[in-house]
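A.B. asks: Data: data_9.cif, mmCIF, C-alpha atoms (C1' of nucleotides).
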data_start
#
loop_
_atom_site.group_PDB
_atom_site.id
_atom_site.type_symbol
_atom_site.label_atom_id
_atom_site.label_comp_id
_atom_site.auth_asym_id
_atom_site.auth_seq_id
_atom_site.Cartn_x
_atom_site.Cartn_y
_atom_site.Cartn_z
ATOM 1 C CA MET F 1 102.422 109.561 110.394
ATOM 2 C CA LYS F 2 101.287 107.179 107.646
ATOM 3 C CA ILE F 3 101.668 108.013 103.968
ATOM 4 C CA ALA F 4 100.218 105.595 101.425
ATOM 5 C CA THR F 5 100.068 105.068 97.654
ATOM 6 C CA TRP F 6 97.319 103.141 95.874
ATOM 7 C CA ASN F 7 96.364 102.642 92.254
ATOM 8 C CA VAL F 8 92.596 102.358 92.717
ATOM 9 C CA ASN F 9 91.621 101.685 89.070
ATOM 10 C CA SER F 10 88.695 104.160 89.066
ATOM 11 C CA ILE F 11 87.911 106.232 92.163
ATOM 12 C CA ARG F 12 84.186 106.238 91.363
ATOM 13 C CA THR F 13 84.054 102.448 91.404
ATOM 14 C CA ARG F 14 86.347 102.147 94.430
ATOM 15 C CA GLN F 15 85.392 105.129 96.599
ATOM 16 C CA GLU F 16 83.629 103.172 99.358
ATOM 17 C CA GLN F 17 86.545 100.725 99.664
ATOM 18 C CA VAL F 18 89.054 103.570 99.765
ATOM 19 C CA LYS F 19 87.118 105.496 102.435
ATOM 20 C CA GLN F 20 86.797 102.441 104.661
ATOM 21 C CA TRP F 21 90.481 101.639 104.227
ATOM 22 C CA LEU F 22 91.520 105.185 105.166
ATOM 23 C CA ILE F 23 89.423 104.957 108.331
ATOM 24 C CA ASP F 24 90.552 101.459 109.293
ATOM 25 C CA ASN F 25 94.235 102.241 108.784
ATOM 26 C CA ASN F 26 94.392 105.802 110.136
ATOM 27 C CA ILE F 27 96.072 107.164 107.001
ATOM 28 C CA ASP F 28 97.384 110.748 107.065
ATOM 29 C CA VAL F 29 98.226 111.146 103.387
ATOM 30 C CA ILE F 30 97.125 109.026 100.452
ATOM 31 C CA CYS F 31 98.391 109.277 96.885
ATOM 32 C CA LEU F 32 95.974 107.815 94.345
ATOM 33 C CA GLN F 33 96.547 106.780 90.745
ATOM 34 C CA GLU F 34 94.192 105.849 87.910
ATOM 35 C CA THR F 35 91.323 107.885 89.288
ATOM 36 C CA LYS F 36 89.867 107.821 85.746
ATOM 37 C CA VAL F 37 87.594 110.836 86.126
ATOM 38 C CA ILE F 38 87.506 114.498 85.168
ATOM 39 C CA ASP F 39 87.938 116.894 88.101
ATOM 40 C CA ALA F 40 84.321 118.134 87.886
ATOM 41 C CA ASP F 41 82.996 114.601 88.494
ATOM 42 C CA PHE F 42 85.485 113.510 91.202
ATOM 43 C CA PRO F 43 83.581 112.282 94.311
ATOM 44 C CA LEU F 44 85.399 114.633 96.705
ATOM 45 C CA GLU F 45 82.742 115.081 99.355
ATOM 46 C CA GLY F 46 83.037 111.726 101.070
ATOM 47 C CA PHE F 47 86.761 112.194 101.528
ATOM 48 C CA GLN F 48 86.436 115.774 102.723
ATOM 49 C CA ASP F 49 83.844 114.569 105.237
ATOM 50 C CA LEU F 50 86.546 112.254 106.617
ATOM 51 C CA GLY F 51 88.720 115.314 107.218
ATOM 52 C CA TYR F 52 90.993 115.250 104.196
ATOM 53 C CA HIS F 53 92.138 118.180 102.109
ATOM 54 C CA THR F 54 91.836 117.024 98.502
ATOM 55 C CA TYR F 55 94.040 117.796 95.509
ATOM 56 C CA ILE F 56 93.059 116.252 92.178
ATOM 57 C CA TYR F 57 94.445 116.208 88.651
ATOM 58 C CA GLY F 58 92.324 114.103 86.340
ATOM 59 C CA GLN F 59 91.084 113.555 82.809
ATOM 60 C CA LYS F 60 88.368 111.634 81.037
ATOM 61 C CA ALA F 61 88.482 107.809 81.205
ATOM 62 C CA TYR F 62 92.232 107.291 81.725
ATOM 63 C CA ASN F 63 95.049 108.098 84.125
ATOM 64 C CA GLY F 64 94.385 110.746 86.787
ATOM 65 C CA VAL F 65 96.173 111.299 90.121
ATOM 66 C CA ALA F 66 95.141 112.771 93.454
ATOM 67 C CA ILE F 67 96.502 113.447 96.939
ATOM 68 C CA PHE F 68 94.356 113.552 100.087
ATOM 69 C CA SER F 69 95.967 114.890 103.245
ATOM 70 C CA ARG F 70 94.750 115.559 106.773
ATOM 71 C CA GLN F 71 97.043 118.578 106.892
ATOM 72 C CA PRO F 72 96.729 121.005 103.983
ATOM 73 C CA LEU F 73 99.483 120.694 101.387
ATOM 74 C CA GLU F 74 101.622 123.678 100.490
ATOM 75 C CA ASN F 75 102.915 124.655 97.072
ATOM 76 C CA VAL F 76 100.917 122.068 95.110
ATOM 77 C CA LYS F 77 102.244 121.446 91.581
ATOM 78 C CA TYR F 78 100.190 119.902 88.786
ATOM 79 C CA GLY F 79 101.912 118.036 85.953
ATOM 80 C CA PHE F 80 105.505 118.403 84.805
ATOM 81 C CA GLY F 81 104.689 121.892 83.499
ATOM 82 C CA ASP F 82 104.516 123.520 86.942
ATOM 83 C CA ILE F 83 108.201 122.703 87.412
ATOM 84 C CA LEU F 84 109.842 122.240 84.007
ATOM 85 C CA PRO F 85 109.909 124.651 81.030
ATOM 86 C CA SER F 86 107.280 124.101 78.355
ATOM 87 C CA ASP F 87 109.828 123.313 75.620
ATOM 88 C CA LEU F 88 110.862 120.266 77.669
ATOM 89 C CA VAL F 89 107.358 119.227 78.673
ATOM 90 C CA ASN F 90 105.811 119.507 75.185
ATOM 91 C CA ASP F 91 102.593 117.427 75.209
ATOM 92 C CA PHE F 92 103.481 115.205 78.157
ATOM 93 C CA ASP F 93 100.939 116.840 80.480
ATOM 94 C CA GLU F 94 98.029 115.866 78.238
ATOM 95 C CA GLN F 95 98.018 112.637 80.238
ATOM 96 C CA LYS F 96 97.438 113.491 83.890
ATOM 97 C CA ARG F 97 100.094 111.511 85.734
ATOM 98 C CA VAL F 98 101.935 113.877 88.097
ATOM 99 C CA ILE F 99 100.855 115.800 91.205
ATOM 100 C CA SER F 100 102.993 117.049 94.068
ATOM 101 C CA GLY F 101 102.723 119.035 97.293
ATOM 102 C CA VAL F 102 104.596 119.805 100.509
ATOM 103 C CA ILE F 103 103.798 118.741 104.066
ATOM 104 C CA ASN F 104 106.148 119.049 107.088
ATOM 105 C CA ASN F 105 108.987 120.139 104.776
ATOM 106 C CA ILE F 106 108.557 116.921 102.761
ATOM 107 C CA ARG F 107 107.707 117.246 99.079
ATOM 108 C CA ILE F 108 105.400 114.373 98.193
ATOM 109 C CA VAL F 109 105.491 113.459 94.505
ATOM 110 C CA ASN F 110 102.663 111.211 93.298
ATOM 111 C CA LEU F 111 103.230 109.480 89.945
ATOM 112 C CA TYR F 112 101.395 107.251 87.532
ATOM 113 C CA VAL F 113 104.128 106.075 85.187
ATOM 114 C CA PRO F 114 102.925 104.990 81.702
ATOM 115 C CA ASN F 115 102.457 101.255 81.263
ATOM 116 C CA GLY F 116 104.142 100.969 77.867
ATOM 117 C CA ASN F 117 102.048 98.047 76.577
ATOM 118 C CA SER F 118 104.960 95.998 75.145
ATOM 119 C CA ILE F 119 108.568 96.698 74.239
ATOM 120 C CA GLU F 120 107.662 96.763 70.532
ATOM 121 C CA SER F 121 104.978 99.380 71.089
ATOM 122 C CA GLU F 122 105.119 103.136 70.475
ATOM 123 C CA LYS F 123 103.788 103.371 74.017
ATOM 124 C CA TYR F 124 107.044 101.858 75.239
ATOM 125 C CA GLN F 125 108.979 104.709 73.629
ATOM 126 C CA TYR F 126 106.539 107.117 75.274
ATOM 127 C CA LYS F 127 107.200 105.456 78.639
ATOM 128 C CA LEU F 128 110.975 105.807 78.244
ATOM 129 C CA ALA F 129 110.703 109.451 77.167
ATOM 130 C CA TRP F 130 108.345 110.099 80.090
ATOM 131 C CA LEU F 131 110.888 108.582 82.502
ATOM 132 C CA ASP F 132 113.603 110.860 81.076
ATOM 133 C CA LEU F 133 111.352 113.833 81.745
ATOM 134 C CA LEU F 134 110.643 112.556 85.265
ATOM 135 C CA LYS F 135 114.371 112.434 85.936
ATOM 136 C CA GLN F 136 114.681 116.092 84.961
ATOM 137 C CA TYR F 137 111.631 116.959 87.081
ATOM 138 C CA LEU F 138 113.100 115.279 90.149
ATOM 139 C CA THR F 139 116.545 116.758 89.486
ATOM 140 C CA VAL F 140 115.029 120.242 89.655
ATOM 141 C CA LEU F 141 113.095 119.453 92.828
ATOM 142 C CA LYS F 142 116.198 118.042 94.470
ATOM 143 C CA GLN F 143 118.487 120.915 93.497
ATOM 144 C CA GLU F 144 116.206 123.874 94.053
ATOM 145 C CA ASN F 145 114.645 123.033 97.381
ATOM 146 C CA SER F 146 115.664 122.297 100.921
ATOM 147 C CA GLU F 147 112.772 119.858 101.259
ATOM 148 C CA GLU F 148 113.173 116.127 101.529
ATOM 149 C CA LEU F 149 111.452 114.092 98.804
ATOM 150 C CA LEU F 150 108.943 111.252 99.042
ATOM 151 C CA VAL F 151 108.362 109.969 95.510
ATOM 152 C CA CYS F 152 105.642 107.360 95.234
ATOM 153 C CA GLY F 153 103.099 105.818 92.914
ATOM 154 C CA ASP F 154 102.532 103.174 90.291
ATOM 155 C CA PHE F 155 105.848 102.931 88.442
ATOM 156 C CA ASN F 156 104.835 100.066 86.162
ATOM 157 C CA ILE F 157 108.380 98.710 86.584
ATOM 158 C CA ALA F 158 109.622 95.822 88.715
ATOM 159 C CA LEU F 159 113.153 96.873 89.511
ATOM 160 C CA GLU F 160 114.576 93.436 90.300
ATOM 161 C CA ASP F 161 113.787 89.780 89.713
ATOM 162 C CA ARG F 162 112.702 89.343 93.343
ATOM 163 C CA ASP F 163 109.876 91.789 92.550
ATOM 164 C CA ILE F 164 108.201 89.340 90.126
ATOM 165 C CA TYR F 165 106.536 85.999 90.908
ATOM 166 C CA LYS F 166 108.460 84.367 88.064
ATOM 167 C CA ALA F 167 111.252 86.453 86.569
ATOM 168 C CA ILE F 168 112.504 83.828 84.127
ATOM 169 C CA GLY F 169 111.352 84.682 80.619
ATOM 170 C CA LYS F 170 110.446 88.263 81.566
ATOM 171 C CA GLU F 171 113.656 89.801 80.151
ATOM 172 C CA ASN F 172 111.770 91.320 77.221
ATOM 173 C CA HIS F 173 108.491 91.740 79.077
ATOM 174 C CA ILE F 174 107.003 95.151 79.699
ATOM 175 C CA MET F 175 107.709 96.315 83.291
ATOM 176 C CA ALA F 176 110.834 94.130 83.536
ATOM 177 C CA SER F 177 112.997 95.001 80.524
ATOM 178 C CA GLN F 178 116.601 96.025 81.109
ATOM 179 C CA VAL F 179 116.104 99.451 79.512
ATOM 180 C CA GLU F 180 113.177 100.253 81.808
ATOM 181 C CA ARG F 181 115.055 99.056 84.855
ATOM 182 C CA GLU F 182 118.155 101.080 83.969
ATOM 183 C CA SER F 183 116.017 104.166 83.463
ATOM 184 C CA LEU F 184 114.403 103.762 86.862
ATOM 185 C CA ARG F 185 117.758 102.929 88.461
ATOM 186 C CA SER F 186 119.247 106.163 87.119
ATOM 187 C CA ILE F 187 116.362 108.047 88.752
ATOM 188 C CA LEU F 188 117.039 106.324 92.069
ATOM 189 C CA ASN F 189 120.679 107.295 91.665
ATOM 190 C CA LEU F 190 119.620 110.925 92.110
ATOM 191 C CA GLY F 191 119.534 110.000 95.801
ATOM 192 C CA LEU F 192 116.361 108.010 96.389
ATOM 193 C CA THR F 193 115.932 104.743 98.299
ATOM 194 C CA ASP F 194 113.302 102.060 97.680
ATOM 195 C CA ILE F 195 112.184 102.103 101.308
ATOM 196 C CA PHE F 196 110.181 98.841 101.126
ATOM 197 C CA ARG F 197 113.445 96.955 100.670
ATOM 198 C CA LYS F 198 114.977 98.444 103.813
ATOM 199 C CA PHE F 199 112.486 96.377 105.810
ATOM 200 C CA THR F 200 111.735 93.425 103.536
ATOM 201 C CA PRO F 201 114.593 91.933 101.474
ATOM 202 C CA GLU F 202 112.879 88.681 100.553
ATOM 203 C CA GLY F 203 110.737 87.999 97.481
ATOM 204 C CA ASN F 204 107.063 87.008 97.241
ATOM 205 C CA PHE F 205 105.828 90.506 98.133
ATOM 206 C CA TYR F 206 103.793 92.131 95.387
ATOM 207 C CA SER F 207 101.522 95.128 94.846
ATOM 208 C CA TRP F 208 99.741 94.177 91.612
ATOM 209 C CA TRP F 209 98.095 90.934 90.465
ATOM 210 C CA ASP F 210 96.380 90.359 87.128
ATOM 211 C CA TYR F 211 92.587 90.066 87.381
ATOM 212 C CA ARG F 212 92.778 87.128 84.980
ATOM 213 C CA GLN F 213 93.764 83.524 85.567
ATOM 214 C CA GLY F 214 93.390 83.797 89.346
ATOM 215 C CA GLY F 215 96.554 85.860 89.606
ATOM 216 C CA PHE F 216 95.961 86.945 93.192
ATOM 217 C CA THR F 217 94.840 83.544 94.486
ATOM 218 C CA LYS F 218 98.045 82.036 93.107
ATOM 219 C CA ASN F 219 100.111 85.060 94.261
ATOM 220 C CA ARG F 220 101.360 85.582 90.716
ATOM 221 C CA GLY F 221 102.139 89.233 91.314
ATOM 222 C CA TRP F 222 104.510 92.054 90.576
ATOM 223 C CA ARG F 223 105.872 94.722 92.911
ATOM 224 C CA ILE F 224 105.456 97.805 90.764
ATOM 225 C CA ASP F 225 104.076 100.330 93.274
ATOM 226 C CA HIS F 226 106.869 102.037 95.141
ATOM 227 C CA ILE F 227 107.783 104.631 97.774
ATOM 228 C CA TYR F 228 111.182 106.273 97.334
ATOM 229 C CA LEU F 229 112.794 108.511 99.964
ATOM 230 C CA THR F 230 115.736 110.873 100.224
ATOM 231 C CA ASP F 231 118.349 110.153 102.888
ATOM 232 C CA GLU F 232 116.986 112.092 105.863
ATOM 233 C CA LEU F 233 113.575 110.483 105.398
ATOM 234 C CA VAL F 234 115.134 107.031 105.124
ATOM 235 C CA LYS F 235 116.471 107.553 108.645
ATOM 236 C CA LYS F 236 113.004 108.554 109.894
ATOM 237 C CA ALA F 237 111.050 105.726 108.240
ATOM 238 C CA LEU F 238 109.761 103.237 110.827
ATOM 239 C CA ASN F 239 108.244 100.712 108.422
ATOM 240 C CA CYS F 240 107.060 100.185 104.852
ATOM 241 C CA TYR F 241 104.656 97.428 103.857
ATOM 242 C CA ILE F 242 102.022 96.350 101.352
ATOM 243 C CA ASP F 243 98.472 95.780 102.612
ATOM 244 C CA ILE F 244 97.035 92.958 100.501
ATOM 245 C CA ASN F 245 93.696 92.912 102.355
ATOM 246 C CA PRO F 246 91.878 95.305 99.968
ATOM 247 C CA ARG F 247 92.871 93.018 97.084
ATOM 248 C CA LYS F 248 90.824 90.232 98.725
ATOM 249 C CA LEU F 249 87.553 92.180 98.612
ATOM 250 C CA THR F 250 84.779 91.741 96.065
ATOM 251 C CA GLN F 251 85.326 94.023 93.052
ATOM 252 C CA PRO F 252 88.830 95.105 94.115
ATOM 253 C CA SER F 253 91.422 97.257 92.411
ATOM 254 C CA ASP F 254 94.074 95.056 90.811
ATOM 255 C CA HIS F 255 96.658 96.964 92.943
ATOM 256 C CA ALA F 256 97.163 96.892 96.715
ATOM 257 C CA PRO F 257 98.164 99.975 98.728
ATOM 258 C CA VAL F 258 101.725 100.512 99.961
ATOM 259 C CA ILE F 259 102.219 102.321 103.283
ATOM 260 C CA CYS F 260 105.220 104.058 104.830
ATOM 261 C CA GLU F 261 105.201 104.980 108.523
ATOM 262 C CA PHE F 262 107.262 107.777 110.087
ATOM 263 C "C1'" DA N 1 98.359 83.328 74.643
ATOM 264 C "C1'" DT N 2 94.682 85.979 68.916
ATOM 265 C "C1'" DG N 3 93.606 83.866 75.699
ATOM 266 C "C1'" DG N 4 91.821 85.528 80.332
ATOM 267 C "C1'" DC N 5 89.258 90.133 83.743
ATOM 268 C "C1'" DG N 6 87.632 94.832 84.778
ATOM 269 C "C1'" DA N 7 86.571 99.868 83.838
ATOM 270 C "C1'" DA N 8 85.161 103.646 80.748
ATOM 271 C "C1'" DT N 9 82.568 105.029 77.037
ATOM 272 C "C1'" DG N 10 77.984 105.029 75.867
ATOM 273 C "C1'" DC N 11 74.418 101.721 75.223
ATOM 274 C "C1'" DA N 12 77.374 97.241 71.632
ATOM 275 C "C1'" DA N 13 81.612 96.715 71.033
ATOM 276 C "C1'" DT N 14 85.987 98.623 71.558
ATOM 277 C "C1'" DT N 15 90.120 100.498 73.934
ATOM 278 C "C1'" DC N 16 93.175 100.288 77.590
ATOM 279 C "C1'" DG N 17 95.464 98.473 81.478
ATOM 280 C "C1'" DA N 18 99.961 95.398 83.164
#
Would you encode the structure as structure tokens?

C.D. replies:
Amino acid sequence: MKIATWNVNSIRTRQEQVKQWLIDNNIDVICLQETKVIDADFPLEGFQDLGYHTYIYGQKAYNGVAIFSRQPLENVKYGFGDILPSDLVNDFDEQKRVISGVINNIRIVNLYVPNGNSIESEKYQYKLAWLDLLKQYLTVLKQENSEELLVCGDFNIALEDRDIYKAIGKENHIMASQVERESLRSILNLGLTDIFRKFTPEGNFYSWWDYRQGGFTKNRGWRIDHIYLTDELVKKALNCYIDINPRKLTQPSDHAPVICEF
DNA sequence: ATGGCGAATGCAATTCGA
């Protein structure tokens, strides 16, 4: 079984590329981020024609997440609010960034973590608060269920220096700051493993490259899209890799998909 | 990098992403 995550930067712009990639790579489950479309306008049909059950959680212009699965998902949860009490969630579900469902006793959690803009920005504080809420969300899922967890998506954080093309000078950069990394590390400490690193310890592997300045051509990238697994799934994982081929196409997403095989 | 590119909105120019 292949489970993938891909920030597509608009599903309406990218739908033909995504469909072809799903066919070419025989993907069983795909978690999408930045679909950038309200649910009523989501181009579902083409994906359903390929045999996928579709679960979408979108909004106008920004954010938006979706899961497509060949097997139907059970117990699908939309936003933090389907798991956490409303006094904790407050307004955090106004931005559509969280969707989750169960397949083969695995709860798949698909996330689009806020970018944060810069460490001086109010959006950075929002990102940190959002990560605190995510930790509570995952704590509940881990405690209350017998299911294993697969937590994936665009985390907008490079956990270590080997995840950035040039880490020097990035200490106060968004996606690499110590506070962000510690927040993400504390989430991993709930019992999640960055499965890509089980198979690939070396640097120079990235999942996002800036559209500007020839970032991809020069391989000036960041590894910010991740798949995290609980222990029993770590044992079952056969491989995890980034497919950079879609990033080479004309009019690509700025992110490449990450795939885990079981 | 006040930069550079791409998408959405809405139809020009601005906001946002990372």

A.B. asks: Pull the closest atom pair for each residue of chain N that gets at most 6 Å from chain F, along with the distance in Å to one decimal, counting all atoms listed in the file, ordering rows by chain and then ascending residue number, as CSV.

C.D. replies:
residue,atom,partner,partner_atom,distance
N:DG4,C1',F:Arg212,CA,5.0
N:DC5,C1',F:Arg212,CA,4.8
N:DA8,C1',F:Ala61,CA,5.3

A.B. asks: How far is it from atom CA of Gln48 of chain F to atom CA of Val151 of chain F, in Å with one decimal?

C.D. replies: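 Pair atom CA of Gln48 of chain F / atom CA of Val151 of chain F returns 23.8 Å.
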
A.B. asks: Let me know the residues the PyMOL selection byres ((chain F and resi 195) around 10) catches in the file above, as a list in words.

C.D. replies: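 Expected selection for the PyMOL selection byres ((chain F and resi 195) around 10) here is Leu150, Leu192, Thr193, Asp194, Phe196, Arg197, Lys198, Phe199, Thr200, His226, Ile227, Tyr228, Leu229, Thr230, Leu233, Val234, Ala237, Leu238, Asn239, Cys240, Tyr241 and Cys260 of chain F.
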
A.B. asks: Please produce a file of the residues just selected, as a PDB file, in the frame of the given file, where the atoms kept are C-alpha atoms.

C.D. replies:
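part-v9.pdb, freshly written:
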ATOM      1  CA  LEU F 150     108.943 111.252  99.042  1.00  0.00           C
ATOM      2  CA  LEU F 192     116.361 108.010  96.389  1.00  0.00           C
ATOM      3  CA  THR F 193     115.932 104.743  98.299  1.00  0.00           C
ATOM      4  CA  ASP F 194     113.302 102.060  97.680  1.00  0.00           C
ATOM      5  CA  PHE F 196     110.181  98.841 101.126  1.00  0.00           C
ATOM      6  CA  ARG F 197     113.445  96.955 100.670  1.00  0.00           C
ATOM      7  CA  LYS F 198     114.977  98.444 103.813  1.00  0.00           C
ATOM      8  CA  PHE F 199     112.486  96.377 105.810  1.00  0.00           C
ATOM      9  CA  THR F 200     111.735  93.425 103.536  1.00  0.00           C
ATOM     10  CA  HIS F 226     106.869 102.037  95.141  1.00  0.00           C
ATOM     11  CA  ILE F 227     107.783 104.631  97.774  1.00  0.00           C
ATOM     12  CA  TYR F 228     111.182 106.273  97.334  1.00  0.00           C
ATOM     13  CA  LEU F 229     112.794 108.511  99.964  1.00  0.00           C
ATOM     14  CA  THR F 230     115.736 110.873 100.224  1.00  0.00           C
ATOM     15  CA  LEU F 233     113.575 110.483 105.398  1.00  0.00           C
ATOM     16  CA  VAL F 234     115.134 107.031 105.124  1.00  0.00           C
ATOM     17  CA  ALA F 237     111.050 105.726 108.240  1.00  0.00           C
ATOM     18  CA  LEU F 238     109.761 103.237 110.827  1.00  0.00           C
ATOM     19  CA  ASN F 239     108.244 100.712 108.422  1.00  0.00           C
ATOM     20  CA  CYS F 240     107.060 100.185 104.852  1.00  0.00           C
ATOM     21  CA  TYR F 241     104.656  97.428 103.857  1.00  0.00           C
ATOM     22  CA  CYS F 260     105.220 104.058 104.830  1.00  0.00           C
TER      23      CYS F 260
END

A.B. asks: From the options F:Ile244, F:Ile168, F:Val113, F:Ile30, which residue's atoms come nearest to Lys127 of chain F, counting only C-alpha atoms?

C.D. replies: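 For Lys127 of chain F, the nearest of the candidates is F:Val113.
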
A.B. asks: Apply the PyMOL selection byres ((chain F and resi 50) around 9) to the structure shown and report the selected residues as a PyMOL selection string.

C.D. replies: chain F and resi 19+22-23+45-49+51-52+70

A.B. asks: Is it possible to dump segment 239-247 of chain F as an mmCIF file, in the first residue's frame, including just all heavy atoms?

C.D. replies:
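Ended up saving to part08.cif:
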data_model
loop_
_atom_site.group_PDB
_atom_site.id
_atom_site.type_symbol
_atom_site.label_atom_id
_atom_site.label_comp_id
_atom_site.auth_asym_id
_atom_site.auth_seq_id
_atom_site.Cartn_x
_atom_site.Cartn_y
_atom_site.Cartn_z
ATOM 1 N N ASN F 239 9.375 1.656 2.789
ATOM 2 C CA ASN F 239 10.189 2.725 2.202
ATOM 3 C C ASN F 239 9.448 4.046 2.378
ATOM 4 O O ASN F 239 8.224 4.065 2.533
ATOM 5 C CB ASN F 239 10.437 2.456 0.715
ATOM 6 C CG ASN F 239 11.590 3.266 0.161
ATOM 7 O OD1 ASN F 239 12.283 3.983 0.899
ATOM 8 N ND2 ASN F 239 11.808 3.172 -1.137
ATOM 9 N N CYS F 240 10.222 5.142 2.339
ATOM 10 C CA CYS F 240 9.635 6.480 2.303
ATOM 11 C C CYS F 240 10.554 7.346 1.465
ATOM 12 O O CYS F 240 11.767 7.348 1.669
ATOM 13 C CB CYS F 240 9.496 7.055 3.713
ATOM 14 S SG CYS F 240 8.790 8.730 3.732
ATOM 15 N N TYR F 241 9.975 8.061 0.486
ATOM 16 C CA TYR F 241 10.816 8.818 -0.438
ATOM 17 C C TYR F 241 10.035 10.009 -0.974
ATOM 18 O O TYR F 241 8.806 10.073 -0.885
ATOM 19 C CB TYR F 241 11.283 7.928 -1.597
ATOM 20 C CG TYR F 241 10.158 7.219 -2.309
ATOM 21 C CD1 TYR F 241 9.582 7.763 -3.456
ATOM 22 C CD2 TYR F 241 9.654 6.014 -1.824
ATOM 23 C CE1 TYR F 241 8.538 7.120 -4.106
ATOM 24 C CE2 TYR F 241 8.611 5.362 -2.466
ATOM 25 C CZ TYR F 241 8.062 5.920 -3.602
ATOM 26 O OH TYR F 241 7.020 5.294 -4.236
ATOM 27 N N ILE F 242 10.791 10.953 -1.536
ATOM 28 C CA ILE F 242 10.218 12.140 -2.167
ATOM 29 C C ILE F 242 10.326 11.967 -3.673
ATOM 30 O O ILE F 242 11.399 11.612 -4.183
ATOM 31 C CB ILE F 242 10.987 13.408 -1.721
ATOM 32 C CG1 ILE F 242 10.919 13.576 -0.201
ATOM 33 C CG2 ILE F 242 10.432 14.657 -2.425
ATOM 34 C CD1 ILE F 242 11.955 14.542 0.373
ATOM 35 N N ASP F 243 9.227 12.186 -4.383
ATOM 36 C CA ASP F 243 9.248 12.096 -5.852
ATOM 37 C C ASP F 243 9.363 13.509 -6.427
ATOM 38 O O ASP F 243 8.385 14.256 -6.465
ATOM 39 C CB ASP F 243 7.981 11.416 -6.358
ATOM 40 C CG ASP F 243 7.982 11.267 -7.879
ATOM 41 O OD1 ASP F 243 9.023 11.586 -8.514
ATOM 42 O OD2 ASP F 243 6.949 10.849 -8.434
ATOM 43 N N ILE F 244 10.571 13.853 -6.892
ATOM 44 C CA ILE F 244 10.785 15.220 -7.392
ATOM 45 C C ILE F 244 10.316 15.394 -8.835
ATOM 46 O O ILE F 244 10.307 16.516 -9.349
ATOM 47 C CB ILE F 244 12.262 15.658 -7.271
ATOM 48 C CG1 ILE F 244 13.159 14.843 -8.201
ATOM 49 C CG2 ILE F 244 12.728 15.572 -5.831
ATOM 50 C CD1 ILE F 244 14.554 15.424 -8.356
ATOM 51 N N ASN F 245 9.891 14.315 -9.490
ATOM 52 C CA ASN F 245 9.531 14.426 -10.911
ATOM 53 C C ASN F 245 8.396 15.419 -11.184
ATOM 54 O O ASN F 245 8.478 16.176 -12.154
ATOM 55 C CB ASN F 245 9.217 13.051 -11.486
ATOM 56 C CG ASN F 245 10.477 12.230 -11.654
ATOM 57 O OD1 ASN F 245 11.448 12.688 -12.249
ATOM 58 N ND2 ASN F 245 10.488 11.035 -11.091
ATOM 59 N N PRO F 246 7.328 15.458 -10.361
ATOM 60 C CA PRO F 246 6.277 16.445 -10.644
ATOM 61 C C PRO F 246 6.756 17.893 -10.551
ATOM 62 O O PRO F 246 6.187 18.789 -11.185
ATOM 63 C CB PRO F 246 5.223 16.155 -9.562
ATOM 64 C CG PRO F 246 5.457 14.744 -9.159
ATOM 65 C CD PRO F 246 6.947 14.544 -9.278
ATOM 66 N N ARG F 247 7.832 18.106 -9.782
ATOM 67 C CA ARG F 247 8.362 19.474 -9.638
ATOM 68 C C ARG F 247 9.061 19.937 -10.921
ATOM 69 O O ARG F 247 9.269 21.144 -11.109
ATOM 70 C CB ARG F 247 9.321 19.532 -8.434
ATOM 71 C CG ARG F 247 9.803 20.925 -8.028
ATOM 72 C CD ARG F 247 8.677 21.811 -7.564
ATOM 73 N NE ARG F 247 9.151 23.128 -7.122
ATOM 74 C CZ ARG F 247 9.434 24.131 -7.938
ATOM 75 N NH1 ARG F 247 9.343 23.962 -9.241
ATOM 76 N NH2 ARG F 247 9.829 25.290 -7.454
#
